[in-house]
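Before any comments, here is the structure.
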Amino acid sequence: MDQCKSPFDPSSLLADVRTQRLLETIREQGGFAFVNLIMRVKGGDAAAAEIAYDMAWEQLHSGPWHAVHTAWRDAFTLSCILMAFSQTLTLPEALRYLDMGLLMGASLFQRDASLAIGFIQSRDKEKMEHSGPISHRCTFRVSMDPSSCTESTTARATGRISELSVGPMPTFENLHLLPERSLQCDAIERSCQPSLEEFLCCYLLPGIPVILTNAISHWSALRKWKNVDYLQDVAGDRTVPVEVGKHYLMPEWKQELVPFSELLKHIYEAQGSSTTCTYLAQHPLFEQIPQLKEDIVIPDYCAFGGDSVHTINAWFGPAGTVTPLHHDPDCNLFAQVVGKKYVRLYPASVSESLYPYDESMLWNSSQVDLDNPDYKIYPLAKNLAFMDCVLEEGEMLYIPPKWWHYVRSLSPSFSVSFWWASANLAS
(Lines give C-alpha, C1' and ligand atoms only; values in the text may rest on other atoms or scores of the structure.)
Protein backbone atom coordinates (compact mmCIF):
# COMPACT_ATOMS: atom_id res chain seq x y z
CA MET A 1 0.00 0.00 0.00
CA ASP A 2 2.88 2.36 0.74
CA GLN A 3 4.06 2.05 -2.83
CA CYS A 4 0.72 3.28 -4.08
CA LYS A 5 0.92 6.36 -1.87
CA SER A 6 4.39 7.36 -3.03
CA PRO A 7 4.72 10.02 -5.75
CA PHE A 8 4.32 8.67 -9.26
CA ASP A 9 6.52 10.41 -11.83
CA PRO A 10 5.67 9.77 -15.51
CA SER A 11 8.94 11.40 -16.57
CA SER A 12 10.84 8.62 -14.82
CA LEU A 13 8.81 6.11 -16.82
CA LEU A 14 9.83 7.82 -20.06
CA ALA A 15 13.48 7.51 -19.07
CA ASP A 16 13.06 3.85 -18.06
CA VAL A 17 15.03 1.29 -20.08
CA ARG A 18 11.80 -0.63 -20.69
CA THR A 19 10.36 2.37 -22.48
CA GLN A 20 13.48 2.78 -24.59
CA ARG A 21 13.37 -0.86 -25.66
CA LEU A 22 9.68 -0.59 -26.43
CA LEU A 23 10.21 2.45 -28.61
CA GLU A 24 12.93 0.59 -30.50
CA THR A 25 10.46 -2.23 -31.19
CA ILE A 26 7.75 0.24 -32.22
CA ARG A 27 10.20 1.86 -34.60
CA GLU A 28 10.94 -1.55 -36.11
CA GLN A 29 7.18 -1.99 -36.56
CA GLY A 30 7.07 1.22 -38.57
CA GLY A 31 5.78 3.42 -35.75
CA PHE A 32 8.21 6.30 -36.30
CA ALA A 33 5.47 8.89 -35.75
CA PHE A 34 4.51 7.37 -32.40
CA VAL A 35 8.15 7.39 -31.24
CA ASN A 36 8.48 11.04 -32.23
CA LEU A 37 5.34 11.90 -30.29
CA ILE A 38 6.68 10.23 -27.14
CA MET A 39 9.90 12.20 -27.55
CA ARG A 40 7.82 15.37 -27.74
CA VAL A 41 6.00 14.39 -24.53
CA LYS A 42 9.38 13.80 -22.90
CA GLY A 43 10.35 17.30 -23.99
CA GLY A 44 7.31 18.84 -22.30
CA ASP A 45 4.72 18.83 -25.10
CA ALA A 46 1.63 17.62 -23.21
CA ALA A 47 -0.58 17.88 -26.31
CA ALA A 48 1.49 15.18 -28.02
CA ALA A 49 0.28 12.62 -25.45
CA GLU A 50 -3.27 12.76 -26.79
CA ILE A 51 -2.10 12.26 -30.37
CA ALA A 52 0.05 9.31 -29.27
CA TYR A 53 -2.94 7.83 -27.46
CA ASP A 54 -5.12 8.13 -30.56
CA MET A 55 -2.41 6.56 -32.70
CA ALA A 56 -1.98 3.58 -30.35
CA TRP A 57 -5.76 3.18 -30.16
CA GLU A 58 -5.96 2.99 -33.95
CA GLN A 59 -3.26 0.30 -33.98
CA LEU A 60 -5.29 -1.82 -31.54
CA HIS A 61 -8.24 -1.64 -33.93
CA SER A 62 -6.39 -2.05 -37.22
CA GLY A 63 -7.25 -5.75 -37.53
CA PRO A 64 -8.13 -8.90 -35.55
CA TRP A 65 -7.15 -8.64 -31.90
CA HIS A 66 -4.89 -11.69 -32.07
CA ALA A 67 -2.93 -10.01 -34.85
CA VAL A 68 -2.11 -6.87 -32.82
CA HIS A 69 1.59 -6.83 -31.96
CA THR A 70 2.25 -6.93 -28.21
CA ALA A 71 4.44 -3.84 -28.50
CA TRP A 72 1.46 -1.76 -29.60
CA ARG A 73 -0.56 -2.97 -26.61
CA ASP A 74 2.32 -1.90 -24.35
CA ALA A 75 2.48 1.39 -26.24
CA PHE A 76 -1.21 1.89 -25.58
CA THR A 77 -0.73 1.41 -21.83
CA LEU A 78 2.16 3.87 -21.89
CA SER A 79 0.06 6.46 -23.70
CA CYS A 80 -2.81 5.93 -21.23
CA ILE A 81 -0.48 6.65 -18.31
CA LEU A 82 0.82 9.77 -20.03
CA MET A 83 -2.72 10.96 -20.77
CA ALA A 84 -3.72 10.53 -17.13
CA PHE A 85 -0.96 12.92 -16.06
CA SER A 86 -0.63 15.23 -19.05
CA GLN A 87 -3.84 17.19 -18.53
CA THR A 88 -5.99 18.55 -15.74
CA LEU A 89 -8.45 15.68 -15.53
CA THR A 90 -11.12 14.77 -13.01
CA LEU A 91 -10.50 11.60 -11.05
CA PRO A 92 -12.99 9.52 -13.12
CA GLU A 93 -11.39 10.74 -16.37
CA ALA A 94 -7.87 9.88 -15.24
CA LEU A 95 -8.96 6.50 -13.90
CA ARG A 96 -10.70 5.67 -17.16
CA TYR A 97 -7.48 6.17 -19.13
CA LEU A 98 -5.52 4.03 -16.68
CA ASP A 99 -8.14 1.28 -16.62
CA MET A 100 -8.16 1.21 -20.41
CA GLY A 101 -4.42 0.68 -20.26
CA LEU A 102 -4.86 -2.17 -17.78
CA LEU A 103 -7.67 -3.85 -19.71
CA MET A 104 -6.33 -3.53 -23.25
CA GLY A 105 -2.59 -3.29 -22.76
CA ALA A 106 0.00 -6.03 -22.46
CA SER A 107 2.11 -6.77 -19.39
CA LEU A 108 5.05 -4.34 -19.66
CA PHE A 109 3.49 -1.36 -17.86
CA GLN A 110 0.65 -3.05 -15.96
CA ARG A 111 2.29 -2.51 -12.58
CA ASP A 112 3.05 1.11 -13.45
CA ALA A 113 -0.60 1.72 -14.35
CA SER A 114 -1.70 0.15 -11.05
CA LEU A 115 0.75 2.32 -9.11
CA ALA A 116 -0.50 5.38 -10.97
CA ILE A 117 -4.08 4.53 -10.00
CA GLY A 118 -3.08 4.22 -6.35
CA PHE A 119 -1.25 7.53 -6.50
CA ILE A 120 -4.03 9.60 -8.06
CA GLN A 121 -6.64 8.04 -5.74
CA SER A 122 -4.47 8.92 -2.73
CA ARG A 123 -3.99 12.43 -4.11
CA ASP A 124 -7.73 12.82 -4.62
CA LYS A 125 -8.42 11.58 -1.09
CA GLU A 126 -6.08 14.21 0.33
CA LYS A 127 -7.90 16.90 -1.65
CA MET A 128 -11.23 15.69 -0.27
CA GLU A 129 -9.89 15.78 3.30
CA HIS A 130 -8.85 19.40 2.83
CA SER A 131 -11.77 20.71 0.78
CA GLY A 132 -14.66 18.29 1.33
CA PRO A 133 -16.40 15.94 -1.14
CA ILE A 134 -15.65 16.48 -4.82
CA SER A 135 -18.77 16.99 -6.89
CA HIS A 136 -17.58 15.13 -9.99
CA ARG A 137 -17.95 11.70 -8.40
CA CYS A 138 -20.63 9.56 -10.05
CA THR A 139 -23.63 8.81 -7.82
CA PHE A 140 -27.13 7.49 -8.29
CA ARG A 141 -30.21 6.84 -6.21
CA VAL A 142 -31.62 3.39 -5.70
CA SER A 143 -35.22 3.09 -4.62
CA MET A 144 -35.41 0.27 -2.12
CA ASP A 145 -37.25 -0.79 1.00
CA PRO A 146 -36.09 1.37 3.95
CA SER A 147 -35.50 -1.75 6.02
CA SER A 148 -32.59 -2.66 3.76
CA CYS A 149 -30.83 0.65 4.42
CA THR A 150 -28.65 1.66 7.37
CA GLU A 151 -26.96 4.87 8.37
CA SER A 152 -23.23 5.25 7.86
CA THR A 153 -20.64 7.96 8.02
CA THR A 154 -19.69 7.04 4.45
CA ALA A 155 -23.13 7.81 3.07
CA ARG A 156 -23.31 10.48 0.40
CA ALA A 157 -25.74 13.33 -0.03
CA THR A 158 -28.63 10.84 -0.21
CA GLY A 159 -28.01 10.06 3.44
CA ARG A 160 -28.72 6.39 2.78
CA ILE A 161 -26.92 3.10 2.34
CA SER A 162 -28.57 0.73 -0.10
CA GLU A 163 -27.93 -2.99 -0.01
CA LEU A 164 -28.30 -5.68 -2.63
CA SER A 165 -31.83 -7.03 -2.38
CA VAL A 166 -31.87 -10.82 -2.17
CA GLY A 167 -35.18 -12.42 -3.09
CA PRO A 168 -36.71 -15.59 -1.65
CA MET A 169 -35.59 -19.06 -2.64
CA PRO A 170 -37.54 -20.36 -5.65
CA THR A 171 -40.71 -22.22 -4.74
CA PHE A 172 -42.94 -24.47 -6.75
CA GLU A 173 -44.91 -21.37 -7.73
CA ASN A 174 -41.98 -19.80 -9.59
CA LEU A 175 -39.97 -22.79 -10.74
CA HIS A 176 -40.93 -21.78 -14.26
CA LEU A 177 -37.97 -19.38 -14.09
CA LEU A 178 -35.62 -22.38 -14.03
CA PRO A 179 -35.02 -25.11 -16.62
CA GLU A 180 -37.50 -27.98 -16.55
CA ARG A 181 -36.97 -30.71 -13.94
CA SER A 182 -34.98 -28.29 -11.78
CA LEU A 183 -34.59 -29.29 -8.11
CA GLN A 184 -36.24 -32.63 -8.87
CA CYS A 185 -33.15 -34.78 -9.41
CA ASP A 186 -30.14 -35.51 -7.20
CA ALA A 187 -29.17 -32.68 -4.88
CA ILE A 188 -25.52 -31.74 -4.53
CA GLU A 189 -24.13 -32.83 -1.17
CA ARG A 190 -23.43 -30.19 1.44
CA SER A 191 -20.50 -30.46 3.83
CA CYS A 192 -19.86 -28.06 6.69
CA GLN A 193 -16.27 -26.84 6.55
CA PRO A 194 -14.65 -30.24 5.89
CA SER A 195 -11.02 -30.77 6.80
CA LEU A 196 -8.43 -30.57 4.04
CA GLU A 197 -7.99 -34.33 4.21
CA GLU A 198 -11.72 -34.93 3.91
CA PHE A 199 -12.03 -32.53 0.98
CA LEU A 200 -9.10 -34.20 -0.79
CA CYS A 201 -10.17 -37.79 -0.24
CA CYS A 202 -13.95 -37.47 -0.51
CA TYR A 203 -14.37 -34.87 -3.25
CA LEU A 204 -11.23 -33.62 -4.99
CA LEU A 205 -9.54 -36.91 -5.92
CA PRO A 206 -12.73 -38.82 -6.82
CA GLY A 207 -14.04 -35.77 -8.73
CA ILE A 208 -17.32 -35.33 -6.83
CA PRO A 209 -19.08 -31.95 -6.58
CA VAL A 210 -19.80 -30.63 -3.10
CA ILE A 211 -21.21 -27.49 -1.49
CA LEU A 212 -18.95 -26.25 1.30
CA THR A 213 -20.81 -24.40 4.03
CA ASN A 214 -19.35 -22.11 6.69
CA ALA A 215 -16.08 -22.03 4.74
CA ILE A 216 -16.09 -18.31 3.88
CA SER A 217 -17.99 -16.96 6.90
CA HIS A 218 -14.91 -14.95 7.90
CA TRP A 219 -14.86 -12.96 4.64
CA SER A 220 -15.61 -9.28 5.16
CA ALA A 221 -16.99 -9.31 1.59
CA LEU A 222 -20.12 -11.04 2.88
CA ARG A 223 -20.98 -7.77 4.60
CA LYS A 224 -19.20 -5.11 2.58
CA TRP A 225 -20.30 -6.14 -0.91
CA LYS A 226 -23.97 -5.76 -0.03
CA ASN A 227 -23.28 -2.11 0.63
CA VAL A 228 -23.78 -0.07 -2.54
CA ASP A 229 -21.97 2.95 -1.16
CA TYR A 230 -18.94 0.80 -0.32
CA LEU A 231 -18.79 -0.62 -3.85
CA GLN A 232 -19.29 2.86 -5.28
CA ASP A 233 -16.51 4.32 -3.12
CA VAL A 234 -14.04 1.56 -3.96
CA ALA A 235 -14.85 0.96 -7.62
CA GLY A 236 -17.47 3.44 -8.87
CA ASP A 237 -15.06 5.46 -11.00
CA ARG A 238 -13.30 2.42 -12.46
CA THR A 239 -13.90 1.04 -15.96
CA VAL A 240 -14.79 -2.64 -16.28
CA PRO A 241 -15.73 -5.03 -19.12
CA VAL A 242 -19.33 -6.27 -19.15
CA GLU A 243 -21.42 -8.65 -21.20
CA VAL A 244 -24.73 -7.35 -22.56
CA GLY A 245 -27.47 -9.77 -23.58
CA LYS A 246 -28.68 -13.17 -22.40
CA HIS A 247 -25.35 -15.01 -22.80
CA TYR A 248 -22.39 -15.49 -25.13
CA LEU A 249 -24.13 -18.05 -27.39
CA MET A 250 -26.89 -15.64 -28.41
CA PRO A 251 -26.55 -13.48 -31.56
CA GLU A 252 -27.46 -10.23 -29.78
CA TRP A 253 -24.76 -10.73 -27.13
CA LYS A 254 -21.96 -8.14 -27.03
CA GLN A 255 -19.23 -6.80 -24.77
CA GLU A 256 -18.71 -3.23 -23.60
CA LEU A 257 -16.46 -1.19 -21.32
CA VAL A 258 -18.45 0.81 -18.77
CA PRO A 259 -17.89 2.65 -15.49
CA PHE A 260 -18.51 0.37 -12.50
CA SER A 261 -21.08 2.92 -11.27
CA GLU A 262 -23.06 2.32 -14.47
CA LEU A 263 -22.96 -1.44 -13.84
CA LEU A 264 -24.34 -0.83 -10.34
CA LYS A 265 -27.14 1.24 -11.83
CA HIS A 266 -27.99 -1.49 -14.36
CA ILE A 267 -28.13 -4.10 -11.60
CA TYR A 268 -30.78 -2.15 -9.71
CA GLU A 269 -32.77 -1.12 -12.77
CA ALA A 270 -32.89 -4.68 -14.16
CA GLN A 271 -36.18 -6.50 -13.65
CA GLY A 272 -34.84 -10.03 -14.06
CA SER A 273 -34.95 -9.97 -17.87
CA SER A 274 -31.86 -11.88 -18.98
CA THR A 275 -32.17 -10.57 -22.53
CA THR A 276 -31.18 -7.09 -21.33
CA CYS A 277 -28.74 -8.10 -18.59
CA THR A 278 -25.48 -6.27 -18.08
CA TYR A 279 -23.10 -8.72 -16.45
CA LEU A 280 -19.50 -8.49 -15.25
CA ALA A 281 -18.52 -12.10 -15.95
CA GLN A 282 -15.27 -14.01 -15.56
CA HIS A 283 -13.20 -10.88 -15.01
CA PRO A 284 -9.97 -10.67 -12.91
CA LEU A 285 -11.44 -7.75 -10.98
CA PHE A 286 -9.18 -8.27 -7.97
CA GLU A 287 -6.05 -7.72 -10.03
CA GLN A 288 -7.55 -4.51 -11.35
CA ILE A 289 -8.91 -3.31 -7.99
CA PRO A 290 -6.74 -4.82 -5.21
CA GLN A 291 -8.80 -3.19 -2.45
CA LEU A 292 -11.63 -5.63 -3.20
CA LYS A 293 -9.23 -8.56 -2.86
CA GLU A 294 -8.65 -7.52 0.74
CA ASP A 295 -12.28 -8.49 1.42
CA ILE A 296 -11.77 -12.16 0.53
CA VAL A 297 -9.32 -14.92 1.47
CA ILE A 298 -8.10 -17.63 -0.89
CA PRO A 299 -9.64 -20.83 0.53
CA ASP A 300 -7.23 -23.33 2.05
CA TYR A 301 -8.72 -25.98 -0.25
CA CYS A 302 -6.98 -24.25 -3.15
CA ALA A 303 -3.63 -25.34 -1.70
CA PHE A 304 -4.09 -28.65 -3.52
CA GLY A 305 -3.48 -26.72 -6.72
CA GLY A 306 0.21 -26.38 -5.92
CA ASP A 307 2.02 -23.06 -5.62
CA SER A 308 -0.89 -20.80 -6.44
CA VAL A 309 -4.39 -20.44 -7.80
CA HIS A 310 -3.89 -19.43 -11.41
CA THR A 311 -7.16 -17.51 -11.87
CA ILE A 312 -9.46 -15.61 -9.51
CA ASN A 313 -12.48 -14.11 -11.29
CA ALA A 314 -15.46 -12.00 -10.30
CA TRP A 315 -19.07 -12.44 -11.45
CA PHE A 316 -21.40 -9.54 -10.65
CA GLY A 317 -24.82 -8.85 -12.10
CA PRO A 318 -28.58 -8.61 -11.62
CA ALA A 319 -31.13 -11.36 -11.23
CA GLY A 320 -31.60 -13.30 -14.43
CA THR A 321 -28.01 -13.58 -15.66
CA VAL A 322 -27.31 -16.92 -17.32
CA THR A 323 -24.11 -18.80 -17.99
CA PRO A 324 -25.06 -21.46 -20.55
CA LEU A 325 -24.18 -25.13 -20.23
CA HIS A 326 -20.42 -25.58 -20.64
CA HIS A 327 -17.40 -27.20 -18.99
CA ASP A 328 -13.94 -26.02 -17.95
CA PRO A 329 -10.65 -27.94 -17.79
CA ASP A 330 -9.78 -26.74 -14.28
CA CYS A 331 -10.81 -27.35 -10.69
CA ASN A 332 -13.26 -24.64 -9.68
CA LEU A 333 -14.25 -23.37 -6.24
CA PHE A 334 -17.20 -21.05 -6.80
CA ALA A 335 -17.99 -18.81 -3.82
CA GLN A 336 -21.40 -17.16 -3.58
CA VAL A 337 -20.79 -13.91 -1.71
CA VAL A 338 -23.99 -11.94 -2.32
CA GLY A 339 -27.35 -13.31 -3.44
CA LYS A 340 -28.06 -16.79 -4.71
CA LYS A 341 -27.73 -18.81 -7.90
CA TYR A 342 -29.23 -21.93 -9.36
CA VAL A 343 -26.53 -24.34 -10.57
CA ARG A 344 -27.02 -27.55 -12.58
CA LEU A 345 -24.20 -30.06 -13.12
CA TYR A 346 -23.74 -32.97 -15.54
CA PRO A 347 -20.74 -35.32 -15.29
CA ALA A 348 -18.14 -35.46 -18.03
CA SER A 349 -19.28 -38.99 -18.87
CA VAL A 350 -22.43 -37.67 -20.63
CA SER A 351 -20.60 -35.14 -22.80
CA GLU A 352 -21.63 -36.67 -26.12
CA SER A 353 -25.30 -36.51 -25.08
CA LEU A 354 -24.98 -32.75 -24.51
CA TYR A 355 -23.97 -32.09 -28.13
CA PRO A 356 -20.83 -29.93 -27.80
CA TYR A 357 -20.22 -27.40 -30.54
CA ASP A 358 -17.82 -28.45 -33.28
CA GLU A 359 -16.39 -24.92 -33.54
CA SER A 360 -12.96 -24.51 -31.97
CA MET A 361 -14.03 -21.37 -30.11
CA LEU A 362 -17.04 -23.10 -28.52
CA TRP A 363 -15.76 -26.65 -28.09
CA ASN A 364 -16.57 -26.58 -24.36
CA SER A 365 -20.16 -25.30 -24.78
CA SER A 366 -23.33 -27.32 -25.32
CA GLN A 367 -25.75 -26.71 -28.17
CA VAL A 368 -28.59 -27.62 -25.80
CA ASP A 369 -30.28 -24.46 -24.52
CA LEU A 370 -31.63 -25.56 -21.13
CA ASP A 371 -33.95 -22.54 -21.01
CA ASN A 372 -35.57 -23.54 -24.29
CA PRO A 373 -34.48 -27.09 -25.16
CA ASP A 374 -35.31 -28.63 -28.54
CA TYR A 375 -35.29 -32.36 -27.88
CA LYS A 376 -36.26 -33.15 -31.46
CA ILE A 377 -32.82 -31.93 -32.49
CA TYR A 378 -31.02 -33.04 -29.31
CA PRO A 379 -32.96 -36.12 -28.11
CA LEU A 380 -30.15 -37.63 -26.03
CA ALA A 381 -30.23 -34.68 -23.64
CA LYS A 382 -33.89 -35.08 -22.66
CA ASN A 383 -33.72 -37.54 -19.77
CA LEU A 384 -30.13 -37.16 -18.65
CA ALA A 385 -29.53 -37.39 -14.93
CA PHE A 386 -27.99 -34.33 -13.31
CA MET A 387 -27.25 -32.76 -9.94
CA ASP A 388 -28.43 -29.28 -9.01
CA CYS A 389 -28.81 -26.81 -6.17
CA VAL A 390 -29.62 -23.29 -5.15
CA LEU A 391 -26.25 -21.98 -4.02
CA GLU A 392 -26.96 -19.78 -1.04
CA GLU A 393 -25.13 -16.70 0.14
CA GLY A 394 -21.98 -17.68 2.03
CA GLU A 395 -21.69 -21.11 0.39
CA MET A 396 -18.97 -22.38 -1.93
CA LEU A 397 -19.43 -25.00 -4.66
CA TYR A 398 -16.64 -27.29 -5.83
CA ILE A 399 -17.04 -28.10 -9.55
CA PRO A 400 -14.64 -30.83 -10.73
CA PRO A 401 -12.79 -30.46 -14.05
CA LYS A 402 -14.85 -31.09 -17.20
CA TRP A 403 -18.18 -31.25 -15.34
CA TRP A 404 -20.82 -29.44 -17.38
CA HIS A 405 -22.52 -26.59 -15.54
CA TYR A 406 -25.37 -24.16 -16.14
CA VAL A 407 -25.78 -21.16 -13.82
CA ARG A 408 -28.66 -18.70 -13.38
CA SER A 409 -28.72 -15.87 -10.84
CA LEU A 410 -31.91 -15.73 -8.78
CA SER A 411 -31.19 -12.29 -7.31
CA PRO A 412 -28.60 -9.55 -7.64
CA SER A 413 -25.46 -11.61 -7.24
CA PHE A 414 -21.73 -11.28 -6.58
CA SER A 415 -19.63 -14.45 -6.90
CA VAL A 416 -15.92 -15.32 -6.93
CA SER A 417 -14.35 -18.31 -8.69
CA PHE A 418 -10.98 -19.84 -7.89
CA TRP A 419 -9.49 -22.01 -10.64
CA TRP A 420 -6.45 -24.22 -10.63
CA ALA A 421 -5.23 -26.85 -13.06
CA SER A 422 -6.11 -30.43 -12.09
CA ALA A 423 -2.67 -31.52 -13.28
CA ASN A 424 -1.17 -29.43 -10.47
CA LEU A 425 -2.75 -31.41 -7.63
CA ALA A 426 -0.19 -31.47 -4.87
CA SER A 427 0.97 -34.92 -3.88
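Every chain in the C-alpha coordinates takes a letter, A first, then B, and so on in the order presented; its residues are numbered from 1, and the ligands are numbered from 1 following the presented order.
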
How close does each residue of segment 208-263 of chain A get to segment 392-395 of chain A, giving the shortest atom pair and distance in Å to one decimal for every residue with an atom at most 7 Å away, counting only C-alpha atoms, sorted by chain and residue number, as CSV?
```
residue,atom,partner,partner_atom,distance
A:Ile211,CA,A:Glu395,CA,6.7
A:Leu212,CA,A:Glu395,CA,5.9
A:Thr213,CA,A:Glu395,CA,5.0
A:Asn214,CA,A:Glu395,CA,6.8
A:Ile216,CA,A:Gly394,CA,6.2
A:Ser217,CA,A:Gly394,CA,6.3
A:Leu222,CA,A:Gly394,CA,6.9
```

Since we have the selection now, will you write its residues out, keeping N, CA and C atoms, as a PDB file, in the first residue's frame?
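Result written to again_15.pdb:
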```pdb
ATOM      1  N   ILE A 211     -20.996 -28.855  -1.974  1.00  0.00           N
ATOM      2  CA  ILE A 211     -21.210 -27.491  -1.491  1.00  0.00           C
ATOM      3  C   ILE A 211     -20.574 -27.385  -0.117  1.00  0.00           C
ATOM      4  N   LEU A 212     -19.653 -26.459   0.038  1.00  0.00           N
ATOM      5  CA  LEU A 212     -18.946 -26.251   1.300  1.00  0.00           C
ATOM      6  C   LEU A 212     -19.631 -25.119   2.055  1.00  0.00           C
ATOM      7  N   THR A 213     -20.143 -25.418   3.220  1.00  0.00           N
ATOM      8  CA  THR A 213     -20.808 -24.399   4.030  1.00  0.00           C
ATOM      9  C   THR A 213     -19.889 -23.941   5.160  1.00  0.00           C
ATOM     10  N   ASN A 214     -20.107 -22.713   5.588  1.00  0.00           N
ATOM     11  CA  ASN A 214     -19.349 -22.114   6.694  1.00  0.00           C
ATOM     12  C   ASN A 214     -17.853 -22.031   6.392  1.00  0.00           C
ATOM     13  N   ILE A 216     -16.514 -19.686   4.184  1.00  0.00           N
ATOM     14  CA  ILE A 216     -16.087 -18.308   3.883  1.00  0.00           C
ATOM     15  C   ILE A 216     -16.778 -17.326   4.837  1.00  0.00           C
ATOM     16  N   SER A 217     -17.252 -17.814   5.968  1.00  0.00           N
ATOM     17  CA  SER A 217     -17.991 -16.958   6.905  1.00  0.00           C
ATOM     18  C   SER A 217     -17.134 -15.833   7.469  1.00  0.00           C
ATOM     19  N   LEU A 222     -18.736 -10.649   2.643  1.00  0.00           N
ATOM     20  CA  LEU A 222     -20.124 -11.041   2.876  1.00  0.00           C
ATOM     21  C   LEU A 222     -20.949  -9.869   3.391  1.00  0.00           C
TER      22      LEU A 222
END
```

DSSP says alpha helix (DSSP H) for which residues of segment 157-378 of chain A? Put them as a ChimeraX atom specification?
/A:196-199,221-224,228-235,260-269,285-288,290-293

Find the residue from A:Trp72, A:Met128, A:Leu354, A:Phe334 that sits nearest to Ser107 of chain A; use only C-alpha atoms when measuring.
A:Trp72

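Taking atom CA of Asp237 of chain A and atom CA of Phe260 of chain A as endpoints, the distance between them is 6.3 Å.
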
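Remark: for Ile267 of chain A, the closest of the candidate residues A:Pro10, A:Pro412, A:Gly245, A:Pro400 is A:Pro412 (distances computed over only C-alpha atoms).
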
Point out the residue among A:Met361, A:Val240, A:Cys277, A:Ala49 with the least atom-to-atom distance to Thr321 of chain A, counting only C-alpha atoms.
A:Cys277
